[in-house]
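So this one's model-v5.cif, mmCIF, C-alpha atoms and all ligand atoms:
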```
data_entry
#
loop_
_atom_site.label_atom_id
_atom_site.label_comp_id
_atom_site.auth_asym_id
_atom_site.auth_seq_id
_atom_site.Cartn_x
_atom_site.Cartn_y
_atom_site.Cartn_z
CA MET B 4 83.20 123.64 88.08
CA ILE B 5 86.47 121.86 87.33
CA LEU B 6 86.43 118.45 85.64
CA VAL B 7 89.18 116.22 87.05
CA THR B 8 89.77 113.11 84.93
CA GLY B 9 91.46 110.30 86.85
CA GLY B 10 90.76 112.18 90.08
CA ALA B 11 90.53 109.00 92.19
CA GLY B 12 94.15 108.11 91.42
CA TYR B 13 97.28 108.90 93.38
CA ILE B 14 98.04 112.40 92.10
CA GLY B 15 94.48 113.34 91.11
CA SER B 16 93.11 112.68 94.61
CA HIS B 17 95.77 114.93 96.14
CA ALA B 18 95.04 117.61 93.54
CA CYS B 19 91.32 117.43 94.43
CA ILE B 20 92.24 118.42 97.99
CA GLU B 21 94.10 121.50 96.80
CA LEU B 22 91.26 122.42 94.42
CA LEU B 23 88.57 122.09 97.10
CA ASN B 24 90.73 124.04 99.55
CA ALA B 25 91.14 126.76 96.91
CA GLY B 26 87.34 127.06 96.77
CA GLU B 27 86.79 125.28 93.46
CA ASP B 28 83.88 122.95 92.76
CA VAL B 29 85.04 119.58 91.45
CA VAL B 30 83.57 116.76 89.41
CA VAL B 31 85.75 113.67 89.10
CA LEU B 32 85.48 111.34 86.09
CA ASP B 33 87.23 108.03 86.71
CA ASN B 34 86.74 104.46 85.51
CA PHE B 35 88.60 103.13 88.60
CA CYS B 36 90.81 100.88 86.45
CA ASN B 37 93.73 101.74 88.76
CA SER B 38 92.12 103.30 91.80
CA ASN B 39 89.53 102.90 94.52
CA PRO B 40 86.54 105.22 95.03
CA ALA B 41 87.37 105.21 98.75
CA SER B 42 90.12 107.74 97.98
CA LEU B 43 87.45 110.29 97.09
CA ASP B 44 85.45 109.61 100.28
CA ARG B 45 88.64 110.38 102.17
CA VAL B 46 89.26 113.57 100.14
CA GLN B 47 85.80 114.80 101.16
CA GLU B 48 86.49 113.84 104.77
CA ILE B 49 89.78 115.78 104.74
CA CYS B 50 88.27 118.89 103.15
CA GLY B 51 84.87 118.77 104.87
CA LYS B 52 83.37 119.53 101.45
CA PRO B 53 81.62 117.43 98.83
CA LEU B 54 82.73 116.74 95.29
CA VAL B 55 80.84 114.99 92.50
CA VAL B 56 82.03 111.53 91.43
CA VAL B 57 81.08 110.10 88.04
CA GLU B 58 82.18 106.60 87.08
CA GLY B 59 83.02 106.63 83.39
CA ASP B 60 85.69 106.56 80.74
CA ILE B 61 87.36 109.52 79.00
CA ARG B 62 87.14 107.59 75.74
CA GLU B 63 83.32 107.78 75.82
CA GLN B 64 83.17 111.14 74.07
CA ALA B 65 79.38 111.58 74.12
CA ALA B 66 79.20 110.82 77.84
CA VAL B 67 82.02 113.28 78.55
CA GLU B 68 80.20 116.01 76.58
CA LYS B 69 77.01 115.32 78.55
CA LEU B 70 78.92 115.48 81.84
CA ILE B 71 80.60 118.79 80.90
CA ILE B 72 77.26 120.36 80.01
CA GLU B 73 75.33 118.94 82.97
CA HIS B 74 77.88 120.17 85.49
CA GLY B 75 78.82 123.42 83.77
CA CYS B 76 82.53 122.59 83.65
CA THR B 77 84.82 125.46 82.67
CA ALA B 78 88.22 123.77 82.84
CA VAL B 79 89.72 120.28 82.86
CA LEU B 80 92.58 118.78 84.86
CA HIS B 81 93.48 115.66 82.93
CA PHE B 82 95.17 112.91 84.99
CA ALA B 83 93.44 109.85 83.52
CA GLY B 84 95.73 107.38 81.80
CA LEU B 85 98.03 104.41 82.23
CA LYS B 86 101.45 105.08 83.73
CA SER B 87 103.77 102.06 83.96
CA VAL B 88 106.80 102.08 81.67
CA GLN B 89 107.29 98.33 81.99
CA ASP B 90 103.64 97.58 81.28
CA SER B 91 103.68 99.93 78.27
CA VAL B 92 106.47 97.88 76.67
CA ALA B 93 104.36 94.72 77.04
CA ARG B 94 100.99 96.29 76.07
CA PRO B 95 101.69 99.31 73.84
CA LEU B 96 98.27 99.32 72.16
CA GLU B 97 96.57 99.64 75.55
CA TYR B 98 98.74 102.69 76.28
CA TYR B 99 98.01 104.37 72.94
CA ASP B 100 94.33 103.63 73.48
CA TYR B 101 93.98 104.97 77.04
CA ASN B 102 96.46 107.80 76.76
CA VAL B 103 96.46 109.09 73.18
CA ILE B 104 92.98 108.14 71.98
CA GLY B 105 91.56 108.94 75.43
CA SER B 106 93.10 112.43 75.37
CA HIS B 107 91.94 112.99 71.80
CA ARG B 108 88.34 112.09 72.68
CA LEU B 109 88.49 114.31 75.74
CA LEU B 110 89.75 117.24 73.64
CA ARG B 111 87.01 116.69 71.11
CA ALA B 112 84.42 116.68 73.90
CA MET B 113 85.91 119.93 75.20
CA GLU B 114 85.91 121.50 71.74
CA ASN B 115 82.30 120.50 71.12
CA THR B 116 81.19 122.03 74.42
CA GLY B 117 83.34 125.17 74.18
CA VAL B 118 85.62 124.34 77.13
CA LYS B 119 89.15 125.45 76.22
CA LYS B 120 91.12 125.36 79.45
CA LEU B 121 93.21 122.27 80.11
CA ILE B 122 95.96 121.14 82.45
CA PHE B 123 97.69 117.95 81.30
CA SER B 124 99.78 115.49 83.35
CA SER B 125 102.97 114.97 81.40
CA SER B 126 106.21 113.50 82.68
CA ALA B 127 109.94 114.18 82.79
CA THR B 128 110.18 110.96 80.80
CA VAL B 129 109.52 113.03 77.61
CA TYR B 130 113.10 114.38 77.81
CA GLY B 131 114.70 110.95 77.38
CA LYS B 132 118.45 110.54 77.89
CA PRO B 133 119.80 113.81 79.34
CA GLN B 134 121.92 115.87 76.95
CA PHE B 135 122.49 118.25 79.87
CA LEU B 136 121.23 118.64 83.43
CA PRO B 137 119.17 120.00 84.97
CA TYR B 138 116.51 119.40 82.33
CA THR B 139 115.23 122.81 81.26
CA GLU B 140 111.88 122.94 79.48
CA ASP B 141 113.67 123.52 76.17
CA HIS B 142 115.79 120.35 76.54
CA PRO B 143 115.24 118.23 73.38
CA LEU B 144 112.27 115.85 73.70
CA ASN B 145 113.04 112.22 72.96
CA ALA B 146 110.89 109.68 74.77
CA ILE B 147 112.49 106.24 74.83
CA ASN B 148 109.62 103.90 75.73
CA PRO B 149 105.96 103.50 74.67
CA TYR B 150 104.60 105.23 77.80
CA GLY B 151 106.87 108.22 77.21
CA ARG B 152 105.94 108.33 73.53
CA THR B 153 102.23 108.47 74.40
CA LYS B 154 102.93 111.47 76.68
CA LEU B 155 105.00 113.18 73.99
CA THR B 156 102.34 112.49 71.34
CA ILE B 157 99.70 114.08 73.57
CA GLU B 158 101.96 117.08 74.22
CA ASP B 159 102.40 117.50 70.44
CA MET B 160 98.64 117.21 69.89
CA LEU B 161 98.05 119.92 72.51
CA ARG B 162 100.64 122.26 70.96
CA ASP B 163 99.06 121.69 67.54
CA GLN B 164 95.59 122.37 68.93
CA TYR B 165 96.75 125.68 70.39
CA VAL B 166 98.27 126.72 67.05
CA GLY B 167 95.00 125.78 65.32
CA ASP B 168 92.88 127.67 67.84
CA PRO B 169 94.86 130.16 69.93
CA THR B 170 91.85 130.89 72.11
CA TRP B 171 92.68 127.69 74.03
CA SER B 172 94.65 127.82 77.24
CA ILE B 173 96.79 124.74 77.91
CA GLY B 174 99.24 123.95 80.69
CA ILE B 175 101.48 120.92 80.23
CA LEU B 176 102.99 119.90 83.57
CA ARG B 177 106.05 117.65 83.45
CA TYR B 178 106.18 115.81 86.76
CA PHE B 179 109.43 114.48 88.13
CA ASN B 180 109.12 111.64 90.72
CA PRO B 181 106.01 112.15 92.87
CA VAL B 182 106.16 110.51 96.31
CA GLY B 183 104.68 111.05 99.76
CA ALA B 184 101.08 111.50 100.78
CA HIS B 185 98.69 114.01 102.31
CA GLU B 186 99.86 114.77 105.86
CA SER B 187 96.64 113.30 107.33
CA GLY B 188 97.75 109.80 106.30
CA LEU B 189 94.21 109.22 104.97
CA ILE B 190 95.11 109.11 101.27
CA GLY B 191 98.23 107.99 99.43
CA GLU B 192 99.65 105.81 96.70
CA ASP B 193 98.13 102.34 96.55
CA PRO B 194 99.88 100.44 93.75
CA ARG B 195 98.36 97.20 92.49
CA GLY B 196 100.68 94.18 92.53
CA VAL B 197 104.43 94.54 93.02
CA PRO B 198 105.41 98.23 92.95
CA ASN B 199 107.89 99.22 90.22
CA ASN B 200 108.75 102.55 91.78
CA LEU B 201 111.27 102.96 94.54
CA VAL B 202 109.40 104.63 97.39
CA PRO B 203 106.25 102.45 97.28
CA PHE B 204 108.52 99.39 97.26
CA VAL B 205 110.59 100.64 100.19
CA ALA B 206 107.37 101.44 102.10
CA GLN B 207 106.13 97.87 101.58
CA VAL B 208 109.45 96.48 102.87
CA ALA B 209 109.13 98.73 105.94
CA ILE B 210 105.58 97.49 106.65
CA GLY B 211 106.64 93.85 106.17
CA ARG B 212 104.76 93.13 102.94
CA ARG B 213 108.09 92.52 101.11
CA ASP B 214 111.32 91.05 102.46
CA ARG B 215 114.05 93.11 100.83
CA LEU B 216 114.60 95.90 98.36
CA ASN B 217 116.49 95.26 95.13
CA VAL B 218 118.75 98.19 94.37
CA TRP B 219 119.02 98.24 90.59
CA GLY B 220 122.73 98.96 90.13
CA ASN B 221 125.41 100.70 92.18
CA ASP B 222 127.83 101.41 89.35
CA TYR B 223 126.16 104.54 87.96
CA ASP B 224 128.06 107.77 87.48
CA THR B 225 126.65 109.28 90.68
CA PRO B 226 128.24 110.05 94.10
CA ASP B 227 127.30 106.69 95.67
CA GLY B 228 126.81 104.76 92.41
CA THR B 229 123.01 104.41 92.73
CA GLY B 230 120.48 106.21 90.53
CA VAL B 231 119.63 109.84 91.32
CA ARG B 232 116.11 111.25 90.85
CA ASP B 233 114.22 114.43 91.65
CA TYR B 234 111.58 113.24 94.14
CA ILE B 235 108.77 115.71 94.72
CA HIS B 236 106.15 115.65 97.48
CA VAL B 237 102.74 114.93 95.97
CA MET B 238 101.20 117.86 97.89
CA ASP B 239 103.75 120.26 96.36
CA LEU B 240 102.81 118.77 93.00
CA ALA B 241 99.10 119.22 93.78
CA ALA B 242 99.68 122.86 94.68
CA GLY B 243 101.43 123.32 91.32
CA HIS B 244 98.16 122.46 89.58
CA VAL B 245 96.25 125.20 91.37
CA SER B 246 99.01 127.68 90.43
CA ALA B 247 98.87 126.52 86.80
CA LEU B 248 95.08 126.73 86.70
CA LYS B 249 95.24 130.42 87.64
CA LEU B 250 97.21 131.10 84.45
CA LEU B 251 94.50 129.70 82.20
CA ASP B 252 92.41 132.88 82.28
CA THR B 253 94.62 134.11 79.43
CA PRO B 254 94.96 132.01 76.26
CA ARG B 255 98.39 130.38 76.16
CA CYS B 256 100.15 127.05 75.83
CA PHE B 257 103.04 126.32 78.15
CA ALA B 258 105.05 123.32 79.34
CA VAL B 259 106.65 123.51 82.76
CA ASN B 260 108.64 121.20 85.04
CA LEU B 261 107.28 120.29 88.45
CA GLY B 262 110.31 119.12 90.42
CA THR B 263 112.42 120.29 93.34
CA GLY B 264 115.65 120.81 91.40
CA ALA B 265 117.55 118.49 93.74
CA GLY B 266 118.37 114.83 93.25
CA SER B 267 118.47 112.02 95.82
CA SER B 268 120.16 108.67 95.29
CA VAL B 269 118.48 105.33 95.97
CA LEU B 270 120.59 104.87 99.10
CA GLU B 271 119.76 108.39 100.33
CA VAL B 272 116.07 107.59 99.94
CA VAL B 273 116.52 104.31 101.82
CA ARG B 274 118.26 106.12 104.70
CA ALA B 275 115.61 108.87 104.81
CA PHE B 276 112.86 106.23 104.87
CA GLU B 277 114.61 104.30 107.66
CA ALA B 278 114.83 107.49 109.72
CA ALA B 279 111.17 108.37 109.06
CA SER B 280 109.82 104.90 109.82
CA GLY B 281 112.25 103.64 112.43
CA LYS B 282 112.40 100.41 110.37
CA HIS B 283 115.47 98.77 108.87
CA ILE B 284 115.28 98.37 105.08
CA PRO B 285 117.42 95.39 104.03
CA TYR B 286 118.55 95.50 100.42
CA ASP B 287 120.54 93.60 97.80
CA VAL B 288 122.41 95.26 94.97
CA LYS B 289 121.27 93.80 91.64
CA PRO B 290 122.20 94.50 88.00
CA ARG B 291 120.95 97.72 86.40
CA ARG B 292 117.30 97.87 85.32
CA PRO B 293 117.12 98.15 81.51
CA GLY B 294 116.30 101.67 80.32
CA ASP B 295 117.36 103.39 83.56
CA ILE B 296 119.36 106.60 83.48
CA ASP B 297 122.16 107.58 85.93
CA ALA B 298 120.63 110.80 87.15
CA TYR B 299 118.09 113.46 86.29
CA TYR B 300 116.52 116.45 87.96
CA ALA B 301 114.51 119.49 87.04
CA ALA B 302 115.37 123.08 86.32
CA THR B 303 112.83 124.91 88.47
CA ASP B 304 113.30 128.61 87.67
CA TYR B 305 110.70 128.71 84.89
CA ALA B 306 107.97 127.35 87.21
CA LEU B 307 108.83 130.03 89.74
CA ARG B 308 108.90 132.82 87.14
CA LEU B 309 105.76 131.67 85.36
CA MET B 310 103.52 130.58 88.22
CA GLY B 311 105.21 131.80 91.39
CA TRP B 312 105.35 128.12 92.41
CA LYS B 313 108.15 126.10 93.94
CA ALA B 314 108.33 122.86 95.88
CA THR B 315 109.02 123.34 99.59
CA ARG B 316 108.88 119.88 101.18
CA THR B 317 112.09 117.91 101.87
CA ILE B 318 112.85 114.25 101.21
CA GLU B 319 112.46 113.66 104.97
CA MET B 320 108.89 115.04 104.84
CA MET B 321 108.14 112.95 101.74
CA CYS B 322 109.25 109.79 103.56
CA SER B 323 107.48 110.55 106.84
CA ASP B 324 104.21 111.42 105.09
CA HIS B 325 104.49 108.33 102.89
CA TRP B 326 105.12 106.24 106.00
CA ARG B 327 102.14 107.73 107.89
CA TRP B 328 99.87 106.68 105.01
CA GLN B 329 101.49 103.23 104.63
CA SER B 330 101.58 102.42 108.35
CA SER B 331 98.00 103.46 109.00
CA ASN B 332 96.78 101.69 105.82
CA PRO B 333 99.06 98.61 105.52
CA ASN B 334 96.93 97.24 102.68
CA GLY B 335 96.20 100.57 101.02
CA TYR B 336 92.47 101.16 100.48
CA GLY B 337 91.93 97.42 101.03
P1 LIG F 401 96.96 106.62 88.87
O1 LIG F 401 96.93 105.38 88.07
O2 LIG F 401 96.97 106.53 90.34
O3 LIG F 401 95.74 107.56 88.45
C1 LIG F 401 95.17 107.56 87.15
C2 LIG F 401 93.67 107.52 87.32
O4 LIG F 401 93.06 107.57 86.02
C3 LIG F 401 93.17 106.25 88.01
O5 LIG F 401 92.24 106.61 89.00
C4 LIG F 401 92.51 105.47 86.88
O6 LIG F 401 91.46 104.65 87.38
C5 LIG F 401 92.03 106.59 85.97
N1 LIG F 401 91.87 106.22 84.57
C6 LIG F 401 92.76 105.59 83.76
N2 LIG F 401 92.27 105.45 82.52
C7 LIG F 401 91.05 106.06 82.52
C8 LIG F 401 90.06 106.25 81.52
N3 LIG F 401 90.23 105.80 80.27
N4 LIG F 401 88.94 106.92 81.85
C9 LIG F 401 88.75 107.36 83.13
N5 LIG F 401 89.64 107.18 84.11
C10 LIG F 401 90.78 106.53 83.82
O7 LIG F 401 98.21 107.49 88.36
P2 LIG F 401 98.87 108.79 88.98
O8 LIG F 401 100.17 108.41 89.55
O9 LIG F 401 97.89 109.50 89.80
O10 LIG F 401 99.16 109.60 87.64
C11 LIG F 401 98.26 110.55 87.14
C12 LIG F 401 98.79 111.09 85.82
O11 LIG F 401 100.09 111.63 86.01
C13 LIG F 401 98.92 110.02 84.74
O12 LIG F 401 98.55 110.60 83.51
C14 LIG F 401 100.40 109.71 84.74
O13 LIG F 401 100.85 109.26 83.49
C15 LIG F 401 101.00 111.06 85.09
N6 LIG F 401 102.32 110.94 85.73
C16 LIG F 401 102.45 110.18 86.85
C17 LIG F 401 103.69 110.05 87.44
C18 LIG F 401 103.87 109.19 88.67
O14 LIG F 401 104.99 108.85 89.01
N7 LIG F 401 102.85 108.82 89.40
C19 LIG F 401 104.81 110.71 86.91
C20 LIG F 401 104.63 111.49 85.78
C21 LIG F 401 103.36 111.60 85.19
C1 LIG F 402 109.93 105.68 86.53
C2 LIG F 402 109.63 105.69 85.07
C3 LIG F 402 109.23 107.10 84.65
C4 LIG F 402 108.08 107.60 85.49
C5 LIG F 402 108.49 107.53 86.96
C6 LIG F 402 107.36 107.95 87.87
C7 LIG F 402 111.09 103.91 84.23
C8 LIG F 402 112.27 103.60 83.38
N1 LIG F 402 110.79 105.21 84.34
O1 LIG F 402 111.01 106.54 86.72
O2 LIG F 402 108.88 107.11 83.29
O3 LIG F 402 107.75 108.93 85.13
O4 LIG F 402 108.84 106.18 87.28
O5 LIG F 402 107.78 108.08 89.18
O6 LIG F 402 110.42 103.05 84.75
N2 LIG F 402 114.96 101.54 92.02
C9 LIG F 402 115.57 100.50 92.71
N3 LIG F 402 114.78 99.48 93.16
C10 LIG F 402 113.41 99.43 92.96
C11 LIG F 402 112.81 100.50 92.26
C12 LIG F 402 113.60 101.53 91.79
O7 LIG F 402 116.77 100.52 92.91
O8 LIG F 402 112.78 98.47 93.37
C13 LIG F 402 115.77 102.67 91.55
C14 LIG F 402 115.75 102.87 90.05
O9 LIG F 402 116.76 102.13 89.43
C15 LIG F 402 115.97 104.39 89.95
C16 LIG F 402 115.29 104.94 91.22
O10 LIG F 402 115.21 103.85 92.11
O11 LIG F 402 117.33 104.69 90.02
C17 LIG F 402 113.89 105.49 90.96
O12 LIG F 402 113.13 104.50 90.29
P1 LIG F 402 111.56 104.67 90.03
O13 LIG F 402 110.89 105.04 91.30
O14 LIG F 402 111.09 103.46 89.33
O15 LIG F 402 111.47 105.95 89.11
P2 LIG F 402 112.17 106.26 87.69
O16 LIG F 402 112.97 105.13 87.22
O17 LIG F 402 112.86 107.56 87.84
#
```
Starting from the file, give its structure as structure tokens.
Ligand code: NAD
Ligand code: UD1
Amino acid sequence: MILVTGGAGYIGSHACIELLNAGEDVVVLDNFCNSNPASLDRVQEICGKPLVVVEGDIREQAAVEKLIIEHGCTAVLHFAGLKSVQDSVARPLEYYDYNVIGSHRLLRAMENTGVKKLIFSSSATVYGKPQFLPYTEDHPLNAINPYGRTKLTIEDMLRDQYVGDPTWSIGILRYFNPVGAHESGLIGEDPRGVPNNLVPFVAQVAIGRRDRLNVWGNDYDTPDGTGVRDYIHVMDLAAGHVSALKLLDTPRCFAVNLGTGAGSSVLEVVRAFEAASGKHIPYDVKPRRPGDIDAYYAATDYALRLMGWKATRTIEMMCSDHWRWQSSNPNGYG
């Protein structure tokens, strides 16, 4: 039985599909602070298989220990946490609480119950300003905002834990920019309030929930002047977790990028989304967003060598799958 923390969220729900399809049994622990339990009903509908859903908080160590024992969990996929950079600047203590203290309590619960296999959701944000591109896994780590620092602190805690007890097996996955949705259109990203991220915002313009996109700067050092990112289809990302999980039978601690290795600019994404949706996306060019970087993308050879995994879906597929979800669920899970 695999414990999936934050499994009702955007990436966790897609990972549950891949886990169930790989024949794993799954128990999700989620407090639904940024998700809707309906996502997990849909996961079960897609897979034609049940999973166990427990409403609870990773910071409740005793309850997590009880859950692990009751369900006979042998490994943990840890998605639960808060993820907005902007919000983390305004509410840093919340981010240290949910992310760092939450992960610490979860690790303690695992230690106390003898579960030593963990996959952790990290982020390319731990690399900070690029000293070279593509980011290889040995690029210096230098998070530049509170959210990123919580991710880096957790990574450090995990590396320290492995040194202290090398019978653990820990996979740190550094996601690039996850977008898209399961091809059924039944589950997808359902941001609360105004989306900060590009593709959810573009999707809401296409469906008519927002008037126009703001393009944050067109004077970057990139081919068309707009920011370049490594967008990765969330189902490719989900598959990466199943590949990583297979490595945990041997004690080890590794950090690996999950990206495509290719960058797309804001305007390329807008054009791909227009083609996928058949909708015009009006936009205005606005000043740069503070803290943004010109361009970054992943080195992908280590993921291939280590796990035999690589992303296969194109930006066109990401946009058409995102659009299928958005257009059939204009208000998300409602
Ligand atoms: P999400 O907000 O959709 O999912 C997180 C889930 O965790 C939600 O269901 C939320 O209710 C739950 N949760 C939060 N705090 C909890 C707690 N204390 N106890 C129990 N459940 C809790 O986010 P996501 O996009 O699916 O991201 C998943 C993970 O991947 C996060 O750790 C995030 O930092 C990381 N990540 C995300 C991105 C991205 O762009 N989405 C990029 C890099 C890394
Ligand atoms: C942001 C986070 C990063 C996180 C990632 C998850 C910041 C500084 N970084 O990255 O830590 O891991 O989300 O996906 O917030 N853009 C617009 N208009 C918009 C929204 C975005 O032009 O309305 C541009 C941005 O300037 C950027 C690109 O689109 O060039 C991508 O932005 P976004 O989706 O927010 O992702 P990141 O900034 O890469």
What are the closest atom pairs, with distances in Å to one decimal, for all residues of chain B lying within 9 Å of ligand LIG 402 (chain F)? Consider all atoms listed in the file, order rows by chain and residue number, and present the result as a tab-separated table.
```
residue	atom	partner	partner_atom	distance
B:Lys86	CA	F:LIG402	C4	7.3
B:Ser87	CA	F:LIG402	O6	6.8
B:Val88	CA	F:LIG402	O6	4.9
B:Gln89	CA	F:LIG402	O6	6.3
B:Ser125	CA	F:LIG402	O3	8.6
B:Ser126	CA	F:LIG402	O3	5.4
B:Ala127	CA	F:LIG402	O3	6.2
B:Thr128	CA	F:LIG402	O2	4.8
B:Val129	CA	F:LIG402	O2	8.2
B:Ile147	CA	F:LIG402	C8	9.0
B:Asn148	CA	F:LIG402	C8	8.1
B:Tyr150	CA	F:LIG402	O2	7.2
B:Gly151	CA	F:LIG402	O2	6.5
B:Tyr178	CA	F:LIG402	O3	7.2
B:Phe179	CA	F:LIG402	O3	6.5
B:Asn180	CA	F:LIG402	O5	4.1
B:Pro181	CA	F:LIG402	O5	5.8
B:Val182	CA	F:LIG402	O5	7.7
B:Pro198	CA	F:LIG402	O8	7.4
B:Asn199	CA	F:LIG402	O14	5.4
B:Asn200	CA	F:LIG402	O13	3.3
B:Leu201	CA	F:LIG402	C11	3.7
B:Val202	CA	F:LIG402	O13	6.3
B:Pro203	CA	F:LIG402	O13	8.0
B:Phe204	CA	F:LIG402	O8	5.8
B:Val205	CA	F:LIG402	O8	7.5
B:Leu216	CA	F:LIG402	O8	5.9
B:Asn217	CA	F:LIG402	N3	5.0
B:Val218	CA	F:LIG402	O7	3.4
B:Trp219	CA	F:LIG402	O7	4.0
B:Gly220	CA	F:LIG402	O7	6.8
B:Asn221	CA	F:LIG402	O7	8.7
B:Thr229	CA	F:LIG402	O11	6.3
B:Gly230	CA	F:LIG402	O11	3.5
B:Val231	CA	F:LIG402	O11	5.8
B:Arg232	CA	F:LIG402	O17	5.8
B:Asp233	CA	F:LIG402	O17	8.0
B:Tyr234	CA	F:LIG402	O5	8.1
B:Ser268	CA	F:LIG402	O11	7.2
B:Val269	CA	F:LIG402	O10	5.3
B:Leu270	CA	F:LIG402	O7	8.5
B:Val272	CA	F:LIG402	O10	8.7
B:Val288	CA	F:LIG402	O7	8.0
B:Lys289	CA	F:LIG402	O7	8.2
B:Arg291	CA	F:LIG402	O9	6.8
B:Arg292	CA	F:LIG402	O9	5.9
B:Pro293	CA	F:LIG402	C8	7.5
B:Gly294	CA	F:LIG402	C8	5.4
B:Asp295	CA	F:LIG402	C8	5.1
B:Ile296	CA	F:LIG402	O11	7.1
B:Asp297	CA	F:LIG402	O11	7.0
B:Ala298	CA	F:LIG402	O11	7.5
B:Tyr299	CA	F:LIG402	O17	8.0
```
Shell of 7 Å around ligand LIG 401 (chain F) (only C-alpha atoms and all ligand atoms), written as an NGL selection string:
:B and (8-15 or 32-38 or 59-62 or 82-86 or 101 or 105 or 124-127 or 177-181 or 192)
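The spacing separating CA of Pro95 in chain B from CA of Arg111 in chain B amounts to 22.9 Å.
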Glu158 in chain B: which residues within 10 Å, counting only C-alpha atoms, same-chain residues fewer than 4 positions away excluded, as a list in words?
Val103, Phe123, Ser124, Ser125, Val129, Arg152, Thr153, Lys154, Arg162, Asp163, Gln164, Ile173, Gly174, Ile175, Leu176 and Ala258 of chain B
Edge lengths and centre in Å, axis-aligned, range 225-230 of chain B plus 3 Å each side, as AutoDock Vina command-line options:
```
--center_x 124.4 --center_y 107.2 --center_z 93.1 --size_x 13.8 --size_y 11.6 --size_z 11.1
```
Could you produce a table of the residues of range 130-229 of chain B lying within 10 Å of range 303-317 of chain B, with the nearest pair of atoms per residue and their separation in Å rounded to one decimal, using all atoms listed in the file, ordered by chain and increasing residue number, as JSON lines?
```
{"residue": "B:Pro137", "atom": "CA", "partner": "B:Thr303", "partner_atom": "CA", "distance": 8.7}
{"residue": "B:Tyr138", "atom": "CA", "partner": "B:Thr303", "partner_atom": "CA", "distance": 9.0}
{"residue": "B:Thr139", "atom": "CA", "partner": "B:Thr303", "partner_atom": "CA", "distance": 7.9}
{"residue": "B:Glu140", "atom": "CA", "partner": "B:Tyr305", "partner_atom": "CA", "distance": 8.0}
{"residue": "B:Leu176", "atom": "CA", "partner": "B:Ala306", "partner_atom": "CA", "distance": 9.7}
{"residue": "B:Gly183", "atom": "CA", "partner": "B:Arg316", "partner_atom": "CA", "distance": 9.9}
```
Please complete range 240-249 of chain B with N, CA, C and O atoms and give it back as a tab-separated table (two decimals), in the frame of the given file.
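Result saved to selection-v4.tsv:
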```tsv
chain	number	residue	atom	x	y	z
B	240	LEU	N	103.26	118.96	94.39
B	240	LEU	CA	102.81	118.77	93.00
B	240	LEU	C	101.35	119.23	92.85
B	240	LEU	O	101.00	119.94	91.90
B	241	ALA	N	100.52	118.84	93.81
B	241	ALA	CA	99.10	119.22	93.78
B	241	ALA	C	98.96	120.73	93.78
B	241	ALA	O	98.17	121.30	93.01
B	242	ALA	N	99.75	121.40	94.61
B	242	ALA	CA	99.68	122.86	94.68
B	242	ALA	C	100.08	123.48	93.34
B	242	ALA	O	99.53	124.51	92.93
B	243	GLY	N	101.01	122.84	92.64
B	243	GLY	CA	101.43	123.32	91.32
B	243	GLY	C	100.27	123.38	90.33
B	243	GLY	O	100.23	124.24	89.46
B	244	HIS	N	99.32	122.47	90.49
B	244	HIS	CA	98.16	122.46	89.58
B	244	HIS	C	97.26	123.67	89.82
B	244	HIS	O	96.71	124.24	88.87
B	245	VAL	N	97.10	124.04	91.08
B	245	VAL	CA	96.25	125.20	91.37
B	245	VAL	C	96.94	126.47	90.84
B	245	VAL	O	96.29	127.34	90.25
B	246	SER	N	98.26	126.54	90.98
B	246	SER	CA	99.01	127.68	90.43
B	246	SER	C	98.87	127.72	88.91
B	246	SER	O	98.67	128.79	88.33
B	247	ALA	N	98.96	126.57	88.27
B	247	ALA	CA	98.87	126.52	86.80
B	247	ALA	C	97.47	126.91	86.33
B	247	ALA	O	97.31	127.61	85.32
B	248	LEU	N	96.47	126.44	87.08
B	248	LEU	CA	95.08	126.73	86.70
B	248	LEU	C	94.82	128.23	86.66
B	248	LEU	O	94.09	128.72	85.79
B	249	LYS	N	95.44	128.96	87.57
B	249	LYS	CA	95.24	130.42	87.64
B	249	LYS	C	95.72	131.10	86.36
B	249	LYS	O	95.24	132.18	86.02
```
